[in-house]
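Asks: So here's run-v9.cif (mmCIF, C-alpha atoms (C1' of nucleotides)).
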data_upload
#
loop_
_atom_site.label_atom_id
_atom_site.label_comp_id
_atom_site.auth_asym_id
_atom_site.auth_seq_id
_atom_site.Cartn_x
_atom_site.Cartn_y
_atom_site.Cartn_z
CA MET A 1 6.15 26.04 -26.26
CA ALA A 2 2.38 25.59 -26.40
CA SER A 3 1.68 26.67 -22.87
CA THR A 4 -2.09 27.15 -23.03
CA THR A 5 -2.82 23.50 -22.25
CA PRO A 6 -1.46 21.93 -19.07
CA THR A 7 0.43 19.16 -20.83
CA PRO A 8 1.56 18.90 -24.45
CA ARG A 9 -0.57 16.45 -26.37
CA THR A 10 -0.62 14.90 -29.77
CA THR A 11 -3.66 14.88 -32.04
CA ALA A 12 -5.80 12.28 -30.27
CA ASN A 13 -5.58 14.07 -26.91
CA ARG A 14 -3.01 11.62 -25.65
CA PRO A 15 0.10 12.72 -23.78
CA ASP A 16 3.23 13.08 -25.90
CA PRO A 17 5.96 10.40 -25.76
CA LEU A 18 8.17 12.40 -23.40
CA THR A 19 5.37 12.83 -20.87
CA LEU A 20 4.41 9.18 -21.20
CA GLU A 21 7.97 8.09 -20.48
CA VAL A 22 8.25 10.34 -17.45
CA VAL A 23 4.94 9.04 -16.08
CA GLU A 24 6.19 5.50 -16.49
CA LEU A 25 9.49 6.33 -14.81
CA ILE A 26 7.65 7.91 -11.88
CA GLY A 27 5.56 4.77 -11.59
CA GLU A 28 8.72 2.69 -11.39
CA VAL A 29 10.26 4.95 -8.76
CA VAL A 30 7.04 4.81 -6.73
CA ALA A 31 7.01 1.02 -6.92
CA ARG A 32 10.68 0.71 -5.95
CA PHE A 33 10.28 3.18 -3.10
CA HIS A 34 7.26 1.37 -1.68
CA GLN A 35 8.75 -2.09 -2.06
CA ASP A 36 11.88 -0.90 -0.32
CA TYR A 37 9.86 0.50 2.55
CA GLU A 38 7.76 -2.63 3.02
CA GLU A 39 10.85 -4.85 2.96
CA ALA A 40 12.63 -2.70 5.51
CA ALA A 41 9.56 -2.87 7.75
CA ALA A 42 9.31 -6.65 7.36
CA GLU A 43 12.98 -7.03 8.29
CA HIS A 44 12.04 -5.42 11.60
CA ALA A 45 8.93 -7.59 12.00
CA LEU A 46 6.74 -4.53 11.39
CA THR A 47 3.91 -4.09 8.93
CA GLY A 48 3.94 -1.06 6.66
CA ALA A 49 1.20 0.61 8.70
CA GLN A 50 3.08 -0.01 11.95
CA ALA A 51 6.30 1.38 10.47
CA ARG A 52 4.54 4.51 9.23
CA LEU A 53 2.82 5.13 12.55
CA LEU A 54 6.02 4.58 14.51
CA SER A 55 7.93 6.93 12.21
CA LEU A 56 5.27 9.60 12.70
CA LEU A 57 5.47 9.29 16.48
CA CYS A 58 9.25 9.66 16.38
CA LEU A 59 8.79 13.20 15.10
CA GLU A 60 6.28 14.11 17.82
CA PRO A 61 3.71 12.48 20.13
CA LEU A 62 0.19 12.67 18.70
CA PRO A 63 -3.36 12.08 19.93
CA MET A 64 -5.03 9.00 18.41
CA ARG A 65 -7.35 11.20 16.38
CA ARG A 66 -4.48 13.13 14.81
CA LEU A 67 -2.69 9.89 14.02
CA ALA A 68 -5.70 8.70 12.07
CA GLN A 69 -5.72 11.94 10.09
CA ARG A 70 -2.02 11.62 9.29
CA LEU A 71 -2.40 7.98 8.24
CA LYS A 72 -5.57 8.77 6.31
CA CYS A 73 -7.57 6.03 7.98
CA GLU A 74 -10.40 5.75 10.50
CA PRO A 75 -9.62 6.35 14.20
CA SER A 76 -10.86 2.86 15.05
CA ASN A 77 -7.99 1.37 13.07
CA VAL A 78 -5.37 3.32 14.97
CA THR A 79 -6.47 1.63 18.19
CA GLY A 80 -5.33 -1.77 16.91
CA ILE A 81 -2.07 -0.59 15.37
CA VAL A 82 -1.07 1.25 18.54
CA ASP A 83 -2.19 -1.78 20.60
CA ARG A 84 0.25 -4.02 18.75
CA LEU A 85 3.13 -1.54 18.93
CA GLU A 86 2.41 -0.93 22.62
CA ALA A 87 2.44 -4.69 23.29
CA ARG A 88 6.00 -4.72 21.94
CA GLY A 89 7.03 -1.73 24.02
CA LEU A 90 7.66 0.51 21.02
CA VAL A 91 4.86 2.99 21.73
CA GLU A 92 2.96 4.14 24.80
CA ARG A 93 -0.32 5.94 25.51
CA ARG A 94 -0.19 9.01 27.74
CA PRO A 95 -3.07 11.01 29.21
CA ASP A 96 -3.59 14.55 28.01
CA PRO A 97 -3.62 16.87 31.05
CA THR A 98 -5.90 19.37 29.33
CA ASP A 99 -8.56 16.92 28.05
CA ARG A 100 -9.21 13.64 29.77
CA ARG A 101 -10.84 12.18 26.68
CA VAL A 102 -7.60 12.37 24.72
CA LYS A 103 -4.85 9.74 24.70
CA VAL A 104 -1.51 10.85 23.31
CA ALA A 105 0.56 8.16 21.61
CA ALA A 106 4.33 8.51 21.90
CA ALA A 107 7.33 6.45 20.82
CA THR A 108 9.36 4.87 23.62
CA ALA A 109 13.16 4.83 23.61
CA ASP A 110 12.97 1.33 22.09
CA GLY A 111 10.55 2.64 19.50
CA ARG A 112 12.87 5.45 18.52
CA ARG A 113 15.76 3.00 18.22
CA MET A 114 13.64 0.76 16.02
CA ALA A 115 12.61 3.69 13.83
CA ARG A 116 16.21 4.78 13.41
CA SER A 117 17.25 1.28 12.42
CA LEU A 118 14.31 1.14 10.03
CA ARG A 119 15.32 4.41 8.42
CA GLU A 120 18.88 3.24 8.00
CA SER A 121 17.86 0.01 6.34
CA LEU A 122 16.01 1.84 3.57
CA ARG A 123 18.33 1.40 0.63
CA PHE A 124 16.56 2.83 -2.37
CA ALA A 125 14.49 5.30 -0.39
CA ARG A 126 17.56 6.56 1.42
CA GLU A 127 20.05 6.47 -1.43
CA PRO A 128 17.95 6.94 -4.53
CA LEU A 129 20.24 9.64 -5.77
CA ALA A 130 23.51 7.78 -5.74
CA GLY A 131 23.84 7.89 -9.50
CA LEU A 132 23.13 11.60 -9.90
CA SER A 133 25.51 14.53 -10.15
CA GLU A 134 24.82 17.68 -8.16
CA GLY A 135 23.47 19.38 -11.28
CA GLU A 136 21.06 16.51 -11.85
CA ARG A 137 19.90 16.61 -8.25
CA VAL A 138 19.18 20.32 -8.57
CA ALA A 139 17.21 19.69 -11.75
CA LEU A 140 15.33 16.86 -10.08
CA ARG A 141 14.54 18.99 -7.05
CA ASP A 142 13.17 21.78 -9.22
CA ALA A 143 11.10 19.39 -11.32
CA LEU A 144 9.64 17.68 -8.24
CA ARG A 145 8.82 21.04 -6.67
CA GLY A 146 7.04 21.96 -9.88
CA MET A 147 5.07 18.73 -9.86
CA LEU A 148 3.87 19.13 -6.30
CA ALA A 149 3.04 22.78 -6.83
CA GLY A 150 1.24 22.29 -10.14
CA MET B 1 31.97 16.98 -8.73
CA ALA B 2 33.13 14.81 -5.84
CA SER B 3 32.31 11.61 -7.62
CA THR B 4 34.28 9.11 -5.56
CA THR B 5 31.46 8.64 -3.02
CA PRO B 6 27.96 7.76 -4.21
CA THR B 7 26.28 10.71 -2.55
CA PRO B 8 27.78 13.94 -1.23
CA ARG B 9 27.85 13.95 2.54
CA THR B 10 28.70 16.36 5.26
CA THR B 11 31.03 15.56 8.12
CA ALA B 12 28.83 13.24 10.18
CA ASN B 13 28.13 10.94 7.20
CA ARG B 14 24.68 12.41 6.73
CA PRO B 15 23.33 13.34 3.31
CA ASP B 16 23.73 16.99 2.34
CA PRO B 17 20.72 19.33 2.47
CA LEU B 18 20.07 19.14 -1.27
CA THR B 19 19.91 15.34 -1.20
CA LEU B 20 17.72 15.42 1.90
CA GLU B 21 15.26 17.76 0.23
CA VAL B 22 15.08 15.64 -2.90
CA VAL B 23 14.47 12.49 -0.83
CA GLU B 24 11.66 14.26 0.98
CA LEU B 25 10.15 15.47 -2.29
CA ILE B 26 10.27 11.96 -3.73
CA GLY B 27 8.50 10.72 -0.62
CA GLU B 28 5.74 13.26 -1.14
CA VAL B 29 5.36 12.33 -4.79
CA VAL B 30 5.19 8.65 -3.86
CA ALA B 31 2.52 9.37 -1.25
CA ARG B 32 0.46 11.51 -3.65
CA PHE B 33 0.75 8.94 -6.41
CA HIS B 34 -0.38 6.09 -4.16
CA GLN B 35 -3.20 8.02 -2.57
CA ASP B 36 -4.42 9.02 -5.98
CA TYR B 37 -4.40 5.41 -7.14
CA GLU B 38 -6.25 4.09 -4.09
CA GLU B 39 -8.90 6.79 -4.36
CA ALA B 40 -9.44 6.11 -8.03
CA ALA B 41 -9.82 2.41 -7.25
CA ALA B 42 -12.28 3.11 -4.43
CA GLU B 43 -14.37 5.30 -6.72
CA HIS B 44 -14.84 2.21 -8.86
CA ALA B 45 -15.57 -0.01 -5.84
CA LEU B 46 -12.24 -1.76 -6.31
CA THR B 47 -9.49 -2.37 -3.78
CA GLY B 48 -5.95 -1.39 -4.70
CA ALA B 49 -4.98 -5.01 -5.26
CA GLN B 50 -8.00 -5.60 -7.50
CA ALA B 51 -7.22 -2.48 -9.52
CA ARG B 52 -3.59 -3.49 -9.99
CA LEU B 53 -4.50 -7.03 -11.03
CA LEU B 54 -7.15 -5.81 -13.45
CA SER B 55 -4.75 -3.30 -14.98
CA LEU B 56 -2.15 -6.04 -15.47
CA LEU B 57 -4.66 -8.28 -17.22
CA CYS B 58 -5.64 -5.46 -19.56
CA LEU B 59 -2.15 -5.58 -21.03
CA GLU B 60 -2.22 -9.35 -21.54
CA PRO B 61 -3.87 -12.48 -20.11
CA LEU B 62 -1.67 -14.20 -17.54
CA PRO B 63 -1.57 -17.56 -15.70
CA MET B 64 -2.37 -17.31 -12.01
CA ARG B 65 1.22 -18.07 -11.11
CA ARG B 66 2.56 -15.26 -13.25
CA LEU B 67 0.03 -12.87 -11.77
CA ALA B 68 1.35 -13.66 -8.30
CA GLN B 69 4.90 -12.92 -9.46
CA ARG B 70 3.85 -9.59 -10.96
CA LEU B 71 1.93 -8.59 -7.84
CA LYS B 72 4.74 -9.82 -5.60
CA CYS B 73 2.42 -11.92 -3.46
CA GLU B 74 1.71 -15.62 -2.89
CA PRO B 75 -0.28 -17.53 -5.53
CA SER B 76 -2.92 -18.41 -2.96
CA ASN B 77 -3.85 -14.74 -2.67
CA VAL B 78 -4.43 -14.39 -6.38
CA THR B 79 -7.17 -16.98 -6.20
CA GLY B 80 -9.31 -14.76 -4.00
CA ILE B 81 -8.67 -11.53 -5.87
CA VAL B 82 -9.52 -13.16 -9.20
CA ASP B 83 -12.56 -14.81 -7.57
CA ARG B 84 -13.96 -11.42 -6.59
CA LEU B 85 -13.24 -9.81 -9.94
CA GLU B 86 -14.70 -12.81 -11.74
CA ALA B 87 -17.87 -12.62 -9.61
CA ARG B 88 -18.31 -9.09 -10.94
CA GLY B 89 -17.72 -10.15 -14.53
CA LEU B 90 -14.53 -8.12 -14.90
CA VAL B 91 -12.16 -11.08 -15.28
CA GLU B 92 -12.47 -14.67 -16.47
CA ARG B 93 -10.43 -17.87 -16.12
CA ARG B 94 -9.53 -19.72 -19.31
CA PRO B 95 -7.95 -23.16 -19.70
CA ASP B 96 -4.45 -23.39 -21.16
CA PRO B 97 -4.56 -25.79 -24.14
CA THR B 98 -0.92 -26.79 -23.65
CA ASP B 99 -1.06 -27.54 -19.90
CA ARG B 100 -4.26 -28.57 -18.21
CA ARG B 101 -2.96 -27.51 -14.78
CA VAL B 102 -2.76 -23.88 -15.84
CA LYS B 103 -5.60 -21.36 -15.66
CA VAL B 104 -5.14 -18.16 -17.61
CA ALA B 105 -6.82 -15.07 -16.19
CA ALA B 106 -8.03 -12.51 -18.71
CA ALA B 107 -9.94 -9.24 -18.51
CA THR B 108 -13.44 -9.26 -19.98
CA ALA B 109 -14.79 -6.42 -22.12
CA ASP B 110 -16.39 -5.00 -18.97
CA GLY B 111 -13.07 -5.36 -17.18
CA ARG B 112 -11.25 -3.45 -19.90
CA ARG B 113 -13.86 -0.70 -19.77
CA MET B 114 -13.48 -0.50 -16.00
CA ALA B 115 -9.69 -0.33 -16.29
CA ARG B 116 -9.89 2.46 -18.86
CA SER B 117 -12.24 4.44 -16.63
CA LEU B 118 -9.90 3.81 -13.72
CA ARG B 119 -6.91 5.04 -15.69
CA GLU B 120 -8.76 8.17 -16.73
CA SER B 121 -9.77 9.01 -13.18
CA LEU B 122 -6.15 9.14 -12.03
CA ARG B 123 -5.51 12.83 -11.68
CA PHE B 124 -2.10 13.20 -10.15
CA ALA B 125 -0.75 9.92 -11.49
CA ARG B 126 -1.95 10.78 -14.98
CA GLU B 127 -1.13 14.47 -15.03
CA PRO B 128 1.73 14.87 -12.62
CA LEU B 129 3.63 16.97 -15.08
CA ALA B 130 1.09 19.66 -15.72
CA GLY B 131 3.23 22.35 -14.16
CA LEU B 132 6.44 21.49 -15.98
CA SER B 133 7.92 22.97 -19.16
CA GLU B 134 9.35 20.66 -21.79
CA GLY B 135 12.88 21.41 -20.59
CA GLU B 136 11.94 20.48 -17.05
CA ARG B 137 10.35 17.26 -18.23
CA VAL B 138 13.52 16.34 -20.08
CA ALA B 139 15.58 17.06 -16.97
CA LEU B 140 13.17 15.03 -14.85
CA ARG B 141 13.31 12.12 -17.29
CA ASP B 142 17.09 12.08 -17.25
CA ALA B 143 17.25 12.31 -13.46
CA LEU B 144 14.73 9.48 -13.03
CA ARG B 145 16.59 7.31 -15.53
CA GLY B 146 19.75 7.93 -13.54
CA MET B 147 18.03 7.00 -10.29
CA LEU B 148 16.70 3.71 -11.61
CA ALA B 149 19.99 2.88 -13.25
CA GLY B 150 22.16 3.84 -10.29
"C1'" DT C 1 -25.08 17.80 22.38
"C1'" DA C 2 -20.60 17.03 20.47
"C1'" DT C 3 -16.13 14.79 20.69
"C1'" DT C 4 -12.45 11.11 21.89
"C1'" DG C 5 -11.27 6.72 21.95
"C1'" DT C 6 -12.82 2.10 21.97
"C1'" DT C 7 -15.39 -2.10 20.79
"C1'" DA C 8 -17.94 -5.14 17.61
"C1'" DT C 9 -18.50 -6.60 13.02
"C1'" DA C 10 -17.50 -7.67 8.38
"C1'" DC C 11 -14.54 -7.67 4.37
"C1'" DT C 12 -10.09 -7.82 2.05
"C1'" DC C 13 -5.20 -8.78 1.74
"C1'" DT C 14 -1.47 -11.45 3.27
"C1'" DA C 15 1.56 -15.68 4.24
"C1'" DT C 16 1.81 -20.58 5.43
"C1'" DA C 17 0.64 -25.23 4.93
"C1'" DA C 18 -1.97 -28.99 3.11
"C1'" DC C 19 -4.59 -30.71 -0.69
"C1'" DT C 20 -5.96 -31.93 -6.04
"C1'" DA C 21 -5.06 -32.54 -10.57
"C1'" DT C 22 -2.07 -32.62 -13.68
"C1'" DA C 23 2.85 -33.09 -15.68
"C1'" DT D 1 8.55 -36.35 -8.07
"C1'" DA D 2 7.50 -31.70 -9.26
"C1'" DT D 3 4.28 -28.06 -10.57
"C1'" DA D 4 -0.34 -25.12 -10.96
"C1'" DG D 5 -4.04 -23.85 -8.63
"C1'" DT D 6 -6.93 -24.19 -4.71
"C1'" DT D 7 -8.49 -24.55 0.09
"C1'" DA D 8 -8.00 -23.82 5.06
"C1'" DT D 9 -6.29 -21.03 8.53
"C1'" DA D 10 -4.67 -17.14 11.02
"C1'" DG D 11 -3.10 -12.32 11.49
"C1'" DA D 12 -3.40 -7.62 10.04
"C1'" DG D 13 -5.53 -3.44 7.87
"C1'" DT D 14 -9.77 -1.21 6.65
"C1'" DA D 15 -14.59 1.02 7.11
"C1'" DT D 16 -18.96 1.28 9.55
"C1'" DA D 17 -21.79 1.54 13.46
"C1'" DA D 18 -22.61 1.65 18.31
"C1'" DC D 19 -20.83 2.68 22.89
"C1'" DA D 20 -18.65 4.93 27.35
"C1'" DA D 21 -16.32 8.79 29.19
"C1'" DT D 22 -15.62 13.48 28.91
"C1'" DA D 23 -16.26 18.15 27.16
#
In structure tokens, how does this file's structure come out?

Replies:
Amino acid sequence: MASTTPTPRTTANRPDPLTLEVVELIGEVVARFHQDYEEAAAEHALTGAQARLLSLLCLEPLPMRRLAQRLKCEPSNVTGIVDRLEARGLVERRPDPTDRRVKVAAATADGRRMARSLRESLRFAREPLAGLSEGERVALRDALRGMLAG
Amino acid sequence: MASTTPTPRTTANRPDPLTLEVVELIGEVVARFHQDYEEAAAEHALTGAQARLLSLLCLEPLPMRRLAQRLKCEPSNVTGIVDRLEARGLVERRPDPTDRRVKVAAATADGRRMARSLRESLRFAREPLAGLSEGERVALRDALRGMLAG
DNA sequence: TATTGTTATACTCTATAACTATA
DNA sequence: TATAGTTATAGAGTATAACAATA
């Protein structure tokens, strides 16, 4: 089926109706996912950035510099976000034994509890697949893999 | 297949591996989509909020109040965003003949050009389906419809 | 000299509350 | 009285530039 061009197109070089609909659906899913995440964060008196940083630190402690890379922002911003989380006892700074310039941020026990509660309060992001059969989930998985690969 | 519970689960009430993988894939797509959008906006010296507002106004002029509802923020914020876009000649405020309290925001010709350029510079958001066959796109469409419905 | 984290600065987004002009 | 838009204010995220401590 016309596989020389990346995406099927009609005459005027516009995506075909099927592709257009899928793009729109993805946009809706993205919006729902994000809204869900922000609301869950707000319910815990966290901003989106704070929730993302805390979730990252629950996987593993990270130096400030690495945090900035993961969050795709400048290192100077991470200082403030960690400051606010540290003031609430959710995160702490630890020295790095091998390099005294480095400060490693880590989630505290309270921080991990908060992150777990946050994760559990994500409705759409956690249960987006409630309406799908196993076959549909397999198809969705394969399509998403294809998107991220392509 | 096991359709009494919303989502298949293993013993400890945790989602099964397939569901977990799909959730993770959706998260990655959401992240890519958003990053793509923000970068495209930045390339045009727009913030994300400005780009979203401008894109909305390219579909139809809207009263300030309605804009706030669409952007899911307070009306007072819209004032500033429209101010900055208006200062750059991308948006204008028009009076509403039927209600003198209302100001209708509308994209200018320059604003529409900017929005079109913005739309065209979205790589992943515009061409997320490059790697998928028609059959995969149909499967993806159906799965996404099911997600948003369920 | 280069790197890590921080500070200082400026801008934008955000919500809240008070204000104005209409209705 | 109620509504549309604005202003004032304060907190948070963001990028840039300059800085101290360390490598």

Asks: Expand the PyMOL selection byres ((chain D and resi 1-11) around 12) into the explicit residue set it covers here, and present it as a ChimeraX atom specification.

Replies: /A:47,84 /B:63-66,68,74-80,83,93,95-96,99-105 /C:13-23 /D:12-13

Asks: Keeping only C-alpha atoms (C1' of nucleotides), take the residues you just selected and write them out as a short mmCIF file (atom, residue, chain, number, x, y, z; two decimals), keeping the file's coordinate frame.

Replies:
data_model
loop_
_atom_site.label_atom_id
_atom_site.label_comp_id
_atom_site.auth_asym_id
_atom_site.auth_seq_id
_atom_site.Cartn_x
_atom_site.Cartn_y
_atom_site.Cartn_z
CA THR A 47 3.91 -4.09 8.93
CA ARG A 84 0.25 -4.02 18.75
CA PRO B 63 -1.57 -17.56 -15.70
CA MET B 64 -2.37 -17.31 -12.01
CA ARG B 65 1.22 -18.07 -11.11
CA ARG B 66 2.56 -15.26 -13.25
CA ALA B 68 1.35 -13.66 -8.30
CA GLU B 74 1.71 -15.62 -2.89
CA PRO B 75 -0.28 -17.53 -5.53
CA SER B 76 -2.92 -18.41 -2.96
CA ASN B 77 -3.85 -14.74 -2.67
CA VAL B 78 -4.43 -14.39 -6.38
CA THR B 79 -7.17 -16.98 -6.20
CA GLY B 80 -9.31 -14.76 -4.00
CA ASP B 83 -12.56 -14.81 -7.57
CA ARG B 93 -10.43 -17.87 -16.12
CA PRO B 95 -7.95 -23.16 -19.70
CA ASP B 96 -4.45 -23.39 -21.16
CA ASP B 99 -1.06 -27.54 -19.90
CA ARG B 100 -4.26 -28.57 -18.21
CA ARG B 101 -2.96 -27.51 -14.78
CA VAL B 102 -2.76 -23.88 -15.84
CA LYS B 103 -5.60 -21.36 -15.66
CA VAL B 104 -5.14 -18.16 -17.61
CA ALA B 105 -6.82 -15.07 -16.19
"C1'" DC C 13 -5.20 -8.78 1.74
"C1'" DT C 14 -1.47 -11.45 3.27
"C1'" DA C 15 1.56 -15.68 4.24
"C1'" DT C 16 1.81 -20.58 5.43
"C1'" DA C 17 0.64 -25.23 4.93
"C1'" DA C 18 -1.97 -28.99 3.11
"C1'" DC C 19 -4.59 -30.71 -0.69
"C1'" DT C 20 -5.96 -31.93 -6.04
"C1'" DA C 21 -5.06 -32.54 -10.57
"C1'" DT C 22 -2.07 -32.62 -13.68
"C1'" DA C 23 2.85 -33.09 -15.68
"C1'" DA D 12 -3.40 -7.62 10.04
"C1'" DG D 13 -5.53 -3.44 7.87
#

Asks: Applied to the shown file, which residues does the PyMOL selection byres ((chain B) within 6 of (chain A)) return, written as a PDB file with C-alpha atoms, in the coordinates of the input?

Replies:
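Resulting contents of expr_4.pdb:
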ATOM      1  CA  PRO B   6      27.960   7.760  -4.210  1.00  0.00           C
ATOM      2  CA  THR B   7      26.280  10.710  -2.550  1.00  0.00           C
ATOM      3  CA  VAL B  22      15.080  15.640  -2.900  1.00  0.00           C
ATOM      4  CA  VAL B  30       5.190   8.650  -3.860  1.00  0.00           C
ATOM      5  CA  PRO B 128       1.730  14.870 -12.620  1.00  0.00           C
ATOM      6  CA  LEU B 129       3.630  16.970 -15.080  1.00  0.00           C
ATOM      7  CA  ALA B 130       1.090  19.660 -15.720  1.00  0.00           C
ATOM      8  CA  GLY B 131       3.230  22.350 -14.160  1.00  0.00           C
ATOM      9  CA  GLU B 136      11.940  20.480 -17.050  1.00  0.00           C
ATOM     10  CA  LEU B 140      13.170  15.030 -14.850  1.00  0.00           C
ATOM     11  CA  ARG B 141      13.310  12.120 -17.290  1.00  0.00           C
ATOM     12  CA  ALA B 143      17.250  12.310 -13.460  1.00  0.00           C
ATOM     13  CA  GLY B 146      19.750   7.930 -13.540  1.00  0.00           C
ATOM     14  CA  MET B 147      18.030   7.000 -10.290  1.00  0.00           C
ATOM     15  CA  GLY B 150      22.160   3.840 -10.290  1.00  0.00           C
TER      16      GLY B 150
END

Asks: What's around B:Ala107 at 10 Å? Count all atoms listed in the file, leave out sequence neighbours fewer than 3 positions away in its own chain, and write the answer as a VMD selection string.

Replies: chain B and resid 53 to 62 85 to 86 89 to 93 110 to 115

Asks: Output C-alpha atoms for every residue in the selection just made, as a PDB file, in the coordinates of the input.

Replies:
ATOM      1  CA  LEU B  53      -4.500  -7.030 -11.030  1.00  0.00           C
ATOM      2  CA  LEU B  54      -7.150  -5.810 -13.450  1.00  0.00           C
ATOM      3  CA  SER B  55      -4.750  -3.300 -14.980  1.00  0.00           C
ATOM      4  CA  LEU B  56      -2.150  -6.040 -15.470  1.00  0.00           C
ATOM      5  CA  LEU B  57      -4.660  -8.280 -17.220  1.00  0.00           C
ATOM      6  CA  CYS B  58      -5.640  -5.460 -19.560  1.00  0.00           C
ATOM      7  CA  LEU B  59      -2.150  -5.580 -21.030  1.00  0.00           C
ATOM      8  CA  GLU B  60      -2.220  -9.350 -21.540  1.00  0.00           C
ATOM      9  CA  PRO B  61      -3.870 -12.480 -20.110  1.00  0.00           C
ATOM     10  CA  LEU B  62      -1.670 -14.200 -17.540  1.00  0.00           C
ATOM     11  CA  LEU B  85     -13.240  -9.810  -9.940  1.00  0.00           C
ATOM     12  CA  GLU B  86     -14.700 -12.810 -11.740  1.00  0.00           C
ATOM     13  CA  GLY B  89     -17.720 -10.150 -14.530  1.00  0.00           C
ATOM     14  CA  LEU B  90     -14.530  -8.120 -14.900  1.00  0.00           C
ATOM     15  CA  VAL B  91     -12.160 -11.080 -15.280  1.00  0.00           C
ATOM     16  CA  GLU B  92     -12.470 -14.670 -16.470  1.00  0.00           C
ATOM     17  CA  ARG B  93     -10.430 -17.870 -16.120  1.00  0.00           C
ATOM     18  CA  ASP B 110     -16.390  -5.000 -18.970  1.00  0.00           C
ATOM     19  CA  GLY B 111     -13.070  -5.360 -17.180  1.00  0.00           C
ATOM     20  CA  ARG B 112     -11.250  -3.450 -19.900  1.00  0.00           C
ATOM     21  CA  ARG B 113     -13.860  -0.700 -19.770  1.00  0.00           C
ATOM     22  CA  MET B 114     -13.480  -0.500 -16.000  1.00  0.00           C
ATOM     23  CA  ALA B 115      -9.690  -0.330 -16.290  1.00  0.00           C
TER      24      ALA B 115
END

Asks: So that I can see what lies close to C:DA10, please list as a list in words the residues with an atom at most 12 Å from it, counting all atoms listed in the file and leaving out residues fewer than 3 positions away in the same chain.

Replies: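 The neighbour list is DT14, DA15, DT16 and DA17 of chain D.
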
Asks: Run the PyMOL selection byres ((chain C) within 10 of (chain A)) against the file shown and list the residues it catches, as JSON, numbers by chain.

Replies: {"C": [3, 4, 5, 6, 7]}

Asks: Record the distance separating atom CA of B:Glu43 and atom CA of B:Ile81, expressed in Å with one decimal.

Replies: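 Between atom CA of B:Glu43 and atom CA of B:Ile81 the gap works out to 17.8 Å.
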
Asks: So what do you get for atom CA of A:Arg70 versus atom CA of B:Leu46, distance-wise?

Replies: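 Those two atoms sit 23.0 Å apart.
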
Asks: So which one's closest to chain D, A:Ala106, A:Leu67, A:Ala49, A:Leu122? Using all atoms listed in the file, please.

Replies: A:Ala49

Asks: When you count only C-alpha atoms (C1' of nucleotides), which of these residues is closest to chain D: A:Gly48, A:Tyr37, A:Ala42, A:Asp16?

Replies: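 Residue with the minimum atom-to-atom distance to chain D: A:Gly48.
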
Asks: Which distance in Å separates atom CA of A:Val82 and atom CA of A:Arg123, to one decimal?

Replies: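 These two atoms are separated by 26.4 Å.
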
Asks: Closest to chain D among A:Gln69, A:Glu38, A:Ala87, A:Thr98, using only C-alpha atoms (C1' of nucleotides)?

Replies: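 Smallest separation from chain D among the options: A:Thr98.
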